[in-house]
file model-v2.csv (CSV, C-alpha atoms and all ligand atoms)
chain,number,residue,atom,x,y,z
A,1,MET,CA,2.0,-13.2,-16.3
A,2,PRO,CA,1.2,-16.5,-14.7
A,3,ILE,CA,1.4,-16.9,-10.9
A,4,GLY,CA,4.0,-19.5,-10.0
A,5,GLY,CA,3.6,-22.2,-7.4
A,6,SER,CA,5.1,-19.9,-4.8
A,7,VAL,CA,1.8,-18.3,-4.1
A,8,ALA,CA,0.2,-21.6,-3.2
A,9,ARG,CA,0.2,-21.7,0.6
A,10,GLY,CA,-2.4,-19.3,2.0
A,11,GLY,CA,-1.4,-16.8,-0.6
A,12,GLY,CA,-4.9,-15.6,-1.3
A,13,HIS,CA,-5.9,-13.4,1.6
A,14,ASN,CA,-2.7,-11.8,2.8
A,15,ALA,CA,0.5,-12.5,1.1
A,16,SER,CA,2.3,-11.6,4.4
A,17,ALA,CA,0.2,-13.6,6.7
A,18,PRO,CA,1.9,-16.6,8.3
A,19,TYR,CA,0.6,-20.1,7.7
A,20,HIS,CA,-0.6,-20.5,11.3
A,21,ALA,CA,-2.9,-17.4,11.0
A,22,PHE,CA,-5.2,-19.4,8.8
A,23,ARG,CA,-7.4,-22.4,9.2
A,24,PRO,CA,-8.0,-24.9,6.5
A,25,ALA,CA,-11.4,-24.8,4.9
A,26,THR,CA,-12.0,-26.5,1.6
A,27,ILE,CA,-10.0,-27.6,-1.4
A,28,GLN,CA,-10.4,-25.5,-4.4
A,29,ILE,CA,-8.8,-24.8,-7.7
A,30,TYR,CA,-6.7,-21.7,-8.3
A,31,PHE,CA,-6.6,-19.9,-11.6
A,32,GLY,CA,-5.5,-16.6,-12.7
A,33,LEU,CA,-3.2,-13.9,-14.1
A,34,CYS,CA,-1.4,-11.8,-11.5
A,35,GLY,CA,-3.1,-8.5,-12.1
A,36,LYS,CA,-6.5,-10.2,-12.2
A,37,SER,CA,-5.8,-12.9,-9.6
A,38,PRO,CA,-8.2,-13.8,-6.8
A,39,PHE,CA,-6.3,-12.2,-3.9
A,40,SER,CA,-9.4,-11.7,-1.9
A,41,PRO,CA,-10.3,-12.5,1.7
A,42,GLU,CA,-12.4,-15.4,0.6
A,43,MET,CA,-10.1,-16.5,-2.1
A,44,ARG,CA,-13.0,-16.8,-4.6
A,45,VAL,CA,-12.4,-19.1,-7.5
A,46,THR,CA,-12.0,-17.0,-10.6
A,47,LEU,CA,-12.8,-18.8,-13.8
A,48,THR,CA,-10.7,-17.9,-16.7
A,49,PRO,CA,-12.2,-17.4,-20.1
A,50,ALA,CA,-11.8,-20.0,-22.8
A,51,GLY,CA,-8.2,-19.8,-24.0
A,52,GLY,CA,-7.1,-18.1,-20.7
A,53,MET,CA,-4.7,-19.4,-18.2
A,54,GLY,CA,-4.8,-23.0,-17.1
A,55,ILE,CA,-4.8,-24.5,-13.7
A,56,LEU,CA,-1.8,-23.4,-11.8
A,57,ALA,CA,-2.1,-25.1,-8.5
A,58,ILE,CA,-4.5,-27.0,-6.3
A,59,MET,CA,-4.3,-25.8,-2.8
A,60,PRO,CA,-6.2,-25.8,0.5
A,61,ARG,CA,-8.3,-22.7,1.0
A,62,TYR,CA,-7.6,-20.8,4.2
A,63,GLU,CA,-9.9,-18.4,5.9
A,64,PRO,CA,-8.4,-15.6,8.0
A,65,VAL,CA,-8.8,-16.0,11.7
A,66,PRO,CA,-9.8,-12.7,13.3
A,67,ASP,CA,-6.9,-11.4,15.3
A,68,ASP,CA,-7.7,-8.5,17.6
A,69,THR,CA,-5.1,-9.3,20.2
A,70,ASP,CA,-2.8,-6.6,21.4
A,71,PRO,CA,-0.1,-6.2,18.7
A,72,TRP,CA,2.6,-6.3,21.3
A,73,ASP,CA,1.5,-9.7,22.4
A,74,ARG,CA,1.9,-11.3,19.0
A,75,PRO,CA,4.8,-13.6,18.5
A,76,PRO,CA,7.7,-12.5,16.2
A,77,SER,CA,7.3,-15.9,14.5
A,78,GLU,CA,4.4,-14.3,12.6
A,79,ILE,CA,7.0,-12.8,10.3
A,80,ASP,CA,7.5,-15.2,7.4
A,81,VAL,CA,10.9,-14.5,6.0
A,82,SER,CA,10.7,-17.2,3.3
A,83,ARG,CA,8.5,-15.2,1.0
A,84,PRO,CA,9.1,-11.6,-0.3
A,85,HIS,CA,7.0,-8.8,1.1
A,86,ALA,CA,6.2,-5.4,-0.4
A,87,ALA,CA,7.2,-3.5,2.7
A,88,ARG,CA,10.6,-5.2,3.0
A,89,MET,CA,11.4,-4.8,-0.7
A,90,TYR,CA,10.5,-1.2,-0.5
A,91,ASP,CA,12.9,-0.9,2.5
A,92,TYR,CA,15.6,-2.6,0.4
A,93,TYR,CA,15.2,-0.1,-2.4
A,94,LEU,CA,15.4,2.7,0.1
A,95,GLY,CA,18.6,1.4,1.5
A,96,GLY,CA,17.1,0.2,4.8
A,97,LYS,CA,18.1,-2.9,6.7
A,98,ASP,CA,14.9,-4.7,7.4
A,99,HIS,CA,14.8,-7.2,4.5
A,100,PHE,CA,15.6,-10.8,4.1
A,101,GLU,CA,17.0,-13.0,1.3
A,102,ALA,CA,13.6,-13.6,-0.3
A,103,ASP,CA,13.0,-9.9,-0.5
A,104,ARG,CA,16.4,-9.1,-1.9
A,105,VAL,CA,16.2,-11.8,-4.6
A,106,THR,CA,12.8,-10.6,-5.8
A,107,ALA,CA,13.8,-6.9,-5.6
A,108,GLU,CA,17.0,-7.6,-7.6
A,109,LYS,CA,14.9,-9.4,-10.2
A,110,ALA,CA,12.6,-6.4,-10.4
A,111,LEU,CA,15.7,-4.2,-10.7
A,112,GLU,CA,16.9,-6.2,-13.6
A,113,SER,CA,13.7,-5.3,-15.5
A,114,TRP,CA,13.3,-1.7,-14.2
A,115,ASN,CA,16.7,-0.4,-13.1
A,116,ALA,CA,15.3,3.0,-12.1
A,117,VAL,CA,13.0,1.5,-9.4
A,118,ARG,CA,15.0,3.2,-6.6
A,119,THR,CA,14.5,6.6,-8.3
A,120,GLY,CA,10.8,6.0,-8.4
A,121,VAL,CA,10.7,4.9,-4.8
A,122,ARG,CA,12.7,7.8,-3.5
A,123,GLU,CA,10.6,10.3,-5.5
A,124,ASN,CA,7.5,8.7,-4.2
A,125,ARG,CA,8.7,9.0,-0.6
A,126,SER,CA,9.5,12.7,-1.0
A,127,PHE,CA,6.1,13.3,-2.7
A,128,LEU,CA,4.5,11.8,0.4
A,129,GLY,CA,6.4,14.3,2.6
A,130,ARG,CA,5.5,17.3,0.5
A,131,ALA,CA,1.9,16.3,0.3
A,132,VAL,CA,1.6,15.9,4.1
A,133,ARG,CA,3.4,19.2,4.6
A,134,TYR,CA,1.0,20.9,2.2
A,135,LEU,CA,-2.0,19.4,4.0
A,136,VAL,CA,-0.8,20.6,7.4
A,137,GLU,CA,0.5,24.0,6.3
A,138,GLU,CA,-1.9,25.0,3.7
A,139,ALA,CA,-5.1,22.9,4.1
A,140,GLY,CA,-5.1,22.9,7.9
A,141,ILE,CA,-5.4,19.1,8.3
A,142,ARG,CA,-4.5,17.7,11.7
A,143,GLN,CA,-5.5,14.0,11.4
A,144,PHE,CA,-4.3,11.3,9.0
A,145,LEU,CA,-5.3,7.8,8.2
A,146,ASP,CA,-2.2,6.3,6.4
A,147,ILE,CA,-3.0,2.9,4.9
A,148,GLY,CA,0.0,1.0,3.5
A,149,THR,CA,2.4,2.8,5.8
A,150,GLY,CA,5.6,0.8,5.0
A,151,LEU,CA,8.5,0.4,7.4
A,152,PRO,CA,9.6,3.4,9.3
A,153,SER,CA,11.9,5.5,7.2
A,154,ALA,CA,12.9,9.2,6.9
A,155,ASN,CA,10.0,11.6,7.1
A,156,ASN,CA,7.3,9.4,8.4
A,157,VAL,CA,3.9,11.0,8.3
A,158,HIS,CA,3.6,11.9,11.9
A,159,GLU,CA,7.1,13.4,11.9
A,160,VAL,CA,6.4,15.7,9.0
A,161,ALA,CA,2.9,16.6,10.3
A,162,GLN,CA,3.9,17.1,13.9
A,163,SER,CA,7.0,19.1,13.0
A,164,VAL,CA,4.5,21.7,11.7
A,165,ALA,CA,1.5,21.0,14.0
A,166,PRO,CA,2.5,19.0,17.1
A,167,GLU,CA,-1.2,18.2,17.9
A,168,SER,CA,-1.5,16.2,14.6
A,169,ARG,CA,-2.9,12.6,15.0
A,170,VAL,CA,-2.0,9.7,12.8
A,171,VAL,CA,-3.3,6.2,12.5
A,172,TYR,CA,-1.0,3.9,10.6
A,173,VAL,CA,-2.3,0.8,8.9
A,174,ASP,CA,-0.4,-2.0,7.2
A,175,ASN,CA,-1.1,-5.6,6.6
A,176,ASP,CA,2.6,-6.7,7.0
A,177,PRO,CA,3.6,-8.0,10.4
A,178,ILE,CA,7.1,-6.7,9.9
A,179,VAL,CA,5.7,-3.2,10.0
A,180,LEU,CA,4.0,-4.1,13.2
A,181,ALA,CA,7.3,-5.3,14.6
A,182,HIS,CA,8.7,-1.8,13.9
A,183,ALA,CA,5.7,0.1,14.9
A,184,LYS,CA,7.3,1.3,18.1
A,185,ALA,CA,9.3,3.7,15.9
A,186,LEU,CA,6.0,4.9,14.4
A,187,LEU,CA,4.3,5.3,17.7
A,188,THR,CA,6.7,7.9,19.1
A,189,GLY,CA,5.2,11.3,18.6
A,190,THR,CA,4.7,14.6,20.3
A,191,PRO,CA,2.9,14.6,23.7
A,192,GLU,CA,0.2,16.9,22.2
A,193,GLY,CA,-0.4,14.6,19.2
A,194,ARG,CA,-1.3,10.9,18.9
A,195,THR,CA,0.1,8.1,16.7
A,196,ALA,CA,-1.3,4.6,16.6
A,197,PHE,CA,-0.8,1.6,14.5
A,198,ILE,CA,-3.2,-1.2,13.4
A,199,GLN,CA,-2.4,-4.3,11.5
A,200,ALA,CA,-5.2,-4.6,8.9
A,201,ASP,CA,-5.7,-5.2,5.2
A,202,LEU,CA,-6.7,-2.4,2.9
A,203,ARG,CA,-9.1,-4.9,1.2
A,204,ASP,CA,-11.1,-4.8,4.4
A,205,PRO,CA,-11.9,-1.1,4.7
A,206,GLU,CA,-14.8,-1.6,7.0
A,207,LYS,CA,-12.5,-3.2,9.6
A,208,ILE,CA,-10.1,-0.3,9.3
A,209,LEU,CA,-12.9,2.3,9.7
A,210,SER,CA,-14.6,0.6,12.6
A,211,HIS,CA,-11.4,-0.4,14.5
A,212,PRO,CA,-11.5,1.0,18.0
A,213,THR,CA,-8.1,2.5,17.6
A,214,THR,CA,-9.2,4.4,14.5
A,215,ARG,CA,-12.3,5.7,16.2
A,216,GLU,CA,-10.4,6.6,19.3
A,217,VAL,CA,-7.6,8.6,17.6
A,218,LEU,CA,-9.5,10.1,14.7
A,219,ASP,CA,-12.5,12.4,14.9
A,220,PHE,CA,-14.8,11.6,12.0
A,221,ASP,CA,-16.7,14.8,12.5
A,222,GLN,CA,-13.5,16.8,11.5
A,223,PRO,CA,-11.7,16.8,8.2
A,224,MET,CA,-8.8,14.4,7.9
A,225,ALA,CA,-6.5,13.1,5.2
A,226,LEU,CA,-6.7,9.6,3.8
A,227,LEU,CA,-3.3,8.5,2.5
A,228,LEU,CA,-3.1,5.7,0.0
A,229,VAL,CA,0.4,6.2,-1.1
A,230,ALA,CA,2.1,3.5,-3.2
A,231,VAL,CA,-0.3,0.9,-2.0
A,232,LEU,CA,-3.1,0.6,-4.5
A,233,HIS,CA,-0.9,-1.1,-7.1
A,234,PHE,CA,-0.9,-4.0,-4.7
A,235,ILE,CA,-4.6,-4.4,-5.1
A,236,PRO,CA,-5.4,-6.0,-8.4
A,237,ASP,CA,-8.7,-5.4,-10.2
A,238,ALA,CA,-9.9,-8.8,-9.0
A,239,ASP,CA,-10.0,-7.4,-5.4
A,240,ASP,CA,-12.2,-4.6,-6.5
A,241,PRO,CA,-10.1,-1.6,-5.4
A,242,ALA,CA,-12.8,0.8,-6.6
A,243,THR,CA,-15.2,-0.4,-3.8
A,244,VAL,CA,-12.3,-0.3,-1.3
A,245,VAL,CA,-11.5,3.3,-2.2
A,246,ARG,CA,-15.2,4.4,-2.3
A,247,THR,CA,-15.9,2.9,1.1
A,248,LEU,CA,-13.0,4.8,2.6
A,249,VAL,CA,-13.8,8.1,0.9
A,250,ASP,CA,-17.5,7.8,1.8
A,251,ALA,CA,-16.5,7.7,5.4
A,252,LEU,CA,-14.5,10.9,5.3
A,253,PRO,CA,-16.3,14.2,6.3
A,254,SER,CA,-16.5,17.0,3.8
A,255,GLY,CA,-13.3,19.0,3.6
A,256,SER,CA,-11.2,16.0,4.0
A,257,TYR,CA,-8.4,15.1,1.6
A,258,VAL,CA,-7.1,12.1,-0.3
A,259,VAL,CA,-3.5,11.6,-1.2
A,260,SER,CA,-2.5,8.8,-3.5
A,261,SER,CA,0.4,7.7,-5.7
A,262,HIS,CA,0.5,4.7,-8.1
A,263,VAL,CA,3.0,3.0,-10.4
A,264,THR,CA,2.2,3.5,-14.1
A,265,PRO,CA,3.3,1.5,-17.1
A,266,GLU,CA,2.8,4.5,-19.4
A,267,HIS,CA,6.3,5.8,-19.8
A,268,ASP,CA,8.3,2.6,-19.7
A,269,PRO,CA,5.9,-0.3,-20.2
A,270,GLU,CA,8.5,-3.0,-20.8
A,271,SER,CA,10.4,-2.3,-17.6
A,272,VAL,CA,7.3,-1.8,-15.4
A,273,HIS,CA,5.6,-4.9,-16.7
A,274,GLY,CA,8.8,-6.8,-16.0
A,275,LEU,CA,8.7,-5.6,-12.4
A,276,GLU,CA,5.1,-6.6,-12.1
A,277,GLU,CA,6.0,-10.0,-13.4
A,278,SER,CA,8.8,-10.4,-10.9
A,279,TYR,CA,6.5,-9.5,-8.0
A,280,CYS,CA,3.6,-11.7,-9.3
A,281,THR,CA,5.8,-14.7,-9.8
A,282,ALA,CA,7.0,-14.4,-6.3
A,283,GLY,CA,3.5,-14.2,-5.0
A,284,VAL,CA,3.2,-10.4,-4.4
A,285,PRO,CA,0.2,-9.1,-6.3
A,286,ALA,CA,1.1,-6.1,-8.4
A,287,GLN,CA,-0.8,-4.1,-11.0
A,288,ALA,CA,0.5,-0.9,-12.5
A,289,ARG,CA,-2.2,1.4,-13.9
A,290,PRO,CA,-2.3,4.2,-16.5
A,291,MET,CA,-3.1,7.7,-15.3
A,292,GLU,CA,-6.7,7.5,-16.5
A,293,ASP,CA,-7.4,4.4,-14.5
A,294,PHE,CA,-5.7,5.8,-11.5
A,295,VAL,CA,-7.6,9.0,-11.6
A,296,GLN,CA,-10.9,7.2,-12.0
A,297,LEU,CA,-10.0,4.8,-9.2
A,298,VAL,CA,-9.1,7.4,-6.6
A,299,PHE,CA,-10.1,11.0,-7.5
A,300,GLU,CA,-13.4,10.8,-9.2
A,301,GLY,CA,-15.9,13.2,-7.6
A,302,LEU,CA,-13.2,15.0,-5.7
A,303,GLU,CA,-11.6,18.4,-6.3
A,304,ILE,CA,-8.1,17.8,-7.4
A,305,VAL,CA,-5.6,20.2,-5.9
A,306,ASP,CA,-3.1,22.1,-8.2
A,307,PRO,CA,-1.1,21.1,-10.1
A,308,GLY,CA,-3.3,18.0,-10.6
A,309,VAL,CA,-2.2,14.4,-10.9
A,310,GLU,CA,1.4,14.5,-12.0
A,311,ILE,CA,4.5,12.3,-12.0
A,312,VAL,CA,5.3,12.4,-8.3
A,313,SER,CA,8.6,14.4,-8.7
A,314,ASP,CA,6.6,17.1,-10.5
A,315,TRP,CA,4.0,17.5,-7.8
A,316,ARG,CA,4.9,20.8,-6.0
A,317,PRO,CA,8.7,20.2,-6.1
A,318,ASP,CA,10.7,21.8,-3.4
A,319,SER,CA,13.4,23.1,-5.7
A,320,THR,CA,13.7,24.2,-9.2
A,321,GLY,CA,16.8,22.0,-9.8
A,322,PRO,CA,16.8,19.1,-12.3
A,323,ARG,CA,14.4,16.3,-11.7
A,324,PRO,CA,14.4,12.7,-12.9
A,325,THR,CA,12.5,11.9,-16.0
A,326,ALA,CA,9.0,10.4,-16.1
A,327,ILE,CA,10.5,7.2,-17.5
A,328,GLU,CA,12.7,6.8,-14.4
A,329,VAL,CA,10.0,7.8,-11.9
A,330,SER,CA,6.9,6.0,-13.4
A,331,ASN,CA,4.7,6.9,-10.5
A,332,TYR,CA,1.8,9.3,-10.6
A,333,GLY,CA,0.6,11.2,-7.5
A,334,GLY,CA,-2.0,13.7,-6.5
A,335,VAL,CA,-4.0,15.3,-3.8
A,336,ALA,CA,-7.7,15.9,-3.8
A,337,ARG,CA,-10.4,17.5,-1.5
A,338,LYS,CA,-13.7,16.0,-0.8
A,339,PRO,CA,-16.4,18.7,-1.4
A,401,LIG,C1,5.5,0.5,-1.4
A,401,LIG,S1,5.1,0.6,0.3
A,401,LIG,C2,4.6,2.2,0.5
A,401,LIG,C3,4.9,2.8,1.9
A,401,LIG,C4,4.5,4.3,2.1
A,401,LIG,N1,3.1,4.5,1.9
A,401,LIG,C5,5.3,5.2,1.1
A,401,LIG,O1,4.7,5.6,0.1
A,401,LIG,O2,6.4,5.5,1.4
A,401,LIG,C6,3.6,-0.3,0.3
A,401,LIG,C7,3.1,-0.7,1.7
A,401,LIG,O3,1.8,-1.2,1.5
A,401,LIG,C8,1.6,-2.3,2.3
A,401,LIG,N2,0.5,-3.1,1.7
A,401,LIG,C9,0.5,-3.8,0.6
A,401,LIG,N3,-0.7,-4.4,0.4
A,401,LIG,C10,-1.5,-4.0,1.5
A,401,LIG,C11,-2.8,-4.3,1.9
A,401,LIG,N4,-3.6,-5.1,1.1
A,401,LIG,N5,-3.2,-3.8,3.0
A,401,LIG,C12,-2.5,-3.0,3.8
A,401,LIG,N6,-1.2,-2.7,3.5
A,401,LIG,C13,-0.7,-3.2,2.3
A,401,LIG,C14,2.9,-3.0,2.3
A,401,LIG,O4,3.1,-3.9,3.4
A,401,LIG,C15,3.9,-1.9,2.3
A,401,LIG,O5,4.2,-1.6,3.6
call {"tool": "encode", "arguments": {"input": "model-v2.csv", "output": "structure tokens"}}
result
Amino acid sequence: MPIGGSVARGGGHNASAPYHAFRPATIQIYFGLCGKSPFSPEMRVTLTPAGGMGILAIMPRYEPVPDDTDPWDRPPSEIDVSRPHAARMYDYYLGGKDHFEADRVTAEKALESWNAVRTGVRENRSFLGRAVRYLVEEAGIRQFLDIGTGLPSANNVHEVAQSVAPESRVVYVDNDPIVLAHAKALLTGTPEGRTAFIQADLRDPEKILSHPTTREVLDFDQPMALLLVAVLHFIPDADDPATVVRTLVDALPSGSYVVSSHVTPEHDPESVHGLEESYCTAGVPAQARPMEDFVQLVFEGLEIVDPGVEIVSDWRPDSTGPRPTAIEVSNYGGVARKP
């Protein structure tokens, strides 16, 4: 799956970052396959093995400019509507209204390959709700770090958590400025609880952990839940997701939980790889992973909660009614406790 020219401008660090958020540094050569591409903060050059992909583009290298200004002071022009974004495509699948032409075109292309995407997305979203409810009702969790939040939708984490325990606190994290633009909807919560939003990249876990908002809202001496739901498939192996996850999990106190879901190619490889290709060609990094890789990436060393890692629709379903097939859903999910 070669990356097309559309990833060229500033596409390495943050596919959703606007051009003006970067400053030119050096010229370098860009190689890669999408799942293994150098989407890293430094945009390292990744040399392909002999016989691998050729040179795809020569582009300026851009380094991220630290941006700790108050989110509400940022200009709306930061939202680049010319390129597709994962959050807006997800919104399109869910029937929302916060998407643009580039998002719809790429989403429709993905739907051509995997026409059950919407089923997978809806099932993932309800898995998220059930997992949060489980954590609040049965595990006694009252604080949440939700990375890869997405656009506000039905059953946002704070709504589910605070409907059971109004004192629940949530820090939302997403790297897409469009989510920031809608963060107001995420920031309304109960007077007893707290909700906060920070714009940050999962590939920079230290920044998320040390951010003053994270430290102010969450108490790292008390158990919390780390949510990595439908986001790790946007972190290809070249970006070392294992170190990202380990850094975050290491920071959690004992008794904390991790919730995660992930697209898998296992049940319908042709369709899912077709979707990956549509995303990658449009400059959105995507890498589906089989169950074994997903479990190793997220849950190793943790106590996996019953019923284990399952197709998301089979994880503690609300009803005994008919459920979509694994082929349609193609997303695994699970919850685990840090001993
Ligand atoms: C498919 S949506 C999932 C939303 C929500 N977690 C859910 O499951 O309903 C993925 C979200 O992850 C965000 N995302 C993708 N890559 C990211 C990164 N490197 N850092 C932070 N957020 C990222 C996207 O902007 C998008 O909002």
call {"tool": "closest_residue", "arguments": {"input": "model-v2.csv", "among": "A:Leu218, A:Ala183, A:Ile304, A:Ile235", "to": "ligand LIG 401 (chain A)", "atoms": "all atoms listed in the file"}}
result
A:Ile235
call {"tool": "residues_near_ligand", "arguments": {"input": "model-v2.csv", "ligand": "ligand LIG 401 (chain A)", "cutoff": "9 Å", "atoms": "all atoms listed in the file", "output": "number ranges by chain"}}
result
A: 13-16, 85-91, 121-122, 124-129, 146-153, 156, 173-179, 199-204, 227-235, 260-261, 284-285
call {"tool": "write_last_selection", "arguments": {"input": "model-v2.csv", "atoms": "C-alpha atoms", "output": "mmCIF file, keeping the file's coordinate frame"}}
result
data_model
loop_
_atom_site.group_PDB
_atom_site.id
_atom_site.type_symbol
_atom_site.label_atom_id
_atom_site.label_comp_id
_atom_site.auth_asym_id
_atom_site.auth_seq_id
_atom_site.Cartn_x
_atom_site.Cartn_y
_atom_site.Cartn_z
ATOM 1 C CA HIS A 13 -5.900 -13.400 1.600
ATOM 2 C CA ASN A 14 -2.700 -11.800 2.800
ATOM 3 C CA ALA A 15 0.500 -12.500 1.100
ATOM 4 C CA SER A 16 2.300 -11.600 4.400
ATOM 5 C CA HIS A 85 7.000 -8.800 1.100
ATOM 6 C CA ALA A 86 6.200 -5.400 -0.400
ATOM 7 C CA ALA A 87 7.200 -3.500 2.700
ATOM 8 C CA ARG A 88 10.600 -5.200 3.000
ATOM 9 C CA MET A 89 11.400 -4.800 -0.700
ATOM 10 C CA TYR A 90 10.500 -1.200 -0.500
ATOM 11 C CA ASP A 91 12.900 -0.900 2.500
ATOM 12 C CA VAL A 121 10.700 4.900 -4.800
ATOM 13 C CA ARG A 122 12.700 7.800 -3.500
ATOM 14 C CA ASN A 124 7.500 8.700 -4.200
ATOM 15 C CA ARG A 125 8.700 9.000 -0.600
ATOM 16 C CA SER A 126 9.500 12.700 -1.000
ATOM 17 C CA PHE A 127 6.100 13.300 -2.700
ATOM 18 C CA LEU A 128 4.500 11.800 0.400
ATOM 19 C CA GLY A 129 6.400 14.300 2.600
ATOM 20 C CA ASP A 146 -2.200 6.300 6.400
ATOM 21 C CA ILE A 147 -3.000 2.900 4.900
ATOM 22 C CA GLY A 148 0.000 1.000 3.500
ATOM 23 C CA THR A 149 2.400 2.800 5.800
ATOM 24 C CA GLY A 150 5.600 0.800 5.000
ATOM 25 C CA LEU A 151 8.500 0.400 7.400
ATOM 26 C CA PRO A 152 9.600 3.400 9.300
ATOM 27 C CA SER A 153 11.900 5.500 7.200
ATOM 28 C CA ASN A 156 7.300 9.400 8.400
ATOM 29 C CA VAL A 173 -2.300 0.800 8.900
ATOM 30 C CA ASP A 174 -0.400 -2.000 7.200
ATOM 31 C CA ASN A 175 -1.100 -5.600 6.600
ATOM 32 C CA ASP A 176 2.600 -6.700 7.000
ATOM 33 C CA PRO A 177 3.600 -8.000 10.400
ATOM 34 C CA ILE A 178 7.100 -6.700 9.900
ATOM 35 C CA VAL A 179 5.700 -3.200 10.000
ATOM 36 C CA GLN A 199 -2.400 -4.300 11.500
ATOM 37 C CA ALA A 200 -5.200 -4.600 8.900
ATOM 38 C CA ASP A 201 -5.700 -5.200 5.200
ATOM 39 C CA LEU A 202 -6.700 -2.400 2.900
ATOM 40 C CA ARG A 203 -9.100 -4.900 1.200
ATOM 41 C CA ASP A 204 -11.100 -4.800 4.400
ATOM 42 C CA LEU A 227 -3.300 8.500 2.500
ATOM 43 C CA LEU A 228 -3.100 5.700 0.000
ATOM 44 C CA VAL A 229 0.400 6.200 -1.100
ATOM 45 C CA ALA A 230 2.100 3.500 -3.200
ATOM 46 C CA VAL A 231 -0.300 0.900 -2.000
ATOM 47 C CA LEU A 232 -3.100 0.600 -4.500
ATOM 48 C CA HIS A 233 -0.900 -1.100 -7.100
ATOM 49 C CA PHE A 234 -0.900 -4.000 -4.700
ATOM 50 C CA ILE A 235 -4.600 -4.400 -5.100
ATOM 51 C CA SER A 260 -2.500 8.800 -3.500
ATOM 52 C CA SER A 261 0.400 7.700 -5.700
ATOM 53 C CA VAL A 284 3.200 -10.400 -4.400
ATOM 54 C CA PRO A 285 0.200 -9.100 -6.300
#
call {"tool": "atom_distance", "arguments": {"input": "model-v2.csv", "atom1": "atom CA of A:Asp318", "atom2": "atom CA of A:Val272"}}
result
26.7 Å
call {"tool": "residues_around", "arguments": {"input": "model-v2.csv", "residues": "A:Ala242", "least_positions_apart": "3", "cutoff": "10 Å", "atoms": "only C-alpha atoms", "output": "ChimeraX atom specification"}}
result
/A:232,235,237,239,245-247,294,296-298
call {"tool": "closest_residue", "arguments": {"input": "model-v2.csv", "among": "A:Tyr92, A:Tyr257, A:Trp114, A:Phe299", "to": "A:Leu135", "atoms": "all atoms listed in the file"}}
result
A:Tyr257
call {"tool": "residues_around", "arguments": {"input": "model-v2.csv", "residues": "A:His158", "least_positions_apart": "5", "cutoff": "12 Å", "atoms": "all atoms listed in the file", "output": "VMD selection string"}}
result
chain A and resid 128 to 129 132 to 133 136 142 to 146 149 152 to 153 163 to 172 185 to 190 192 to 197
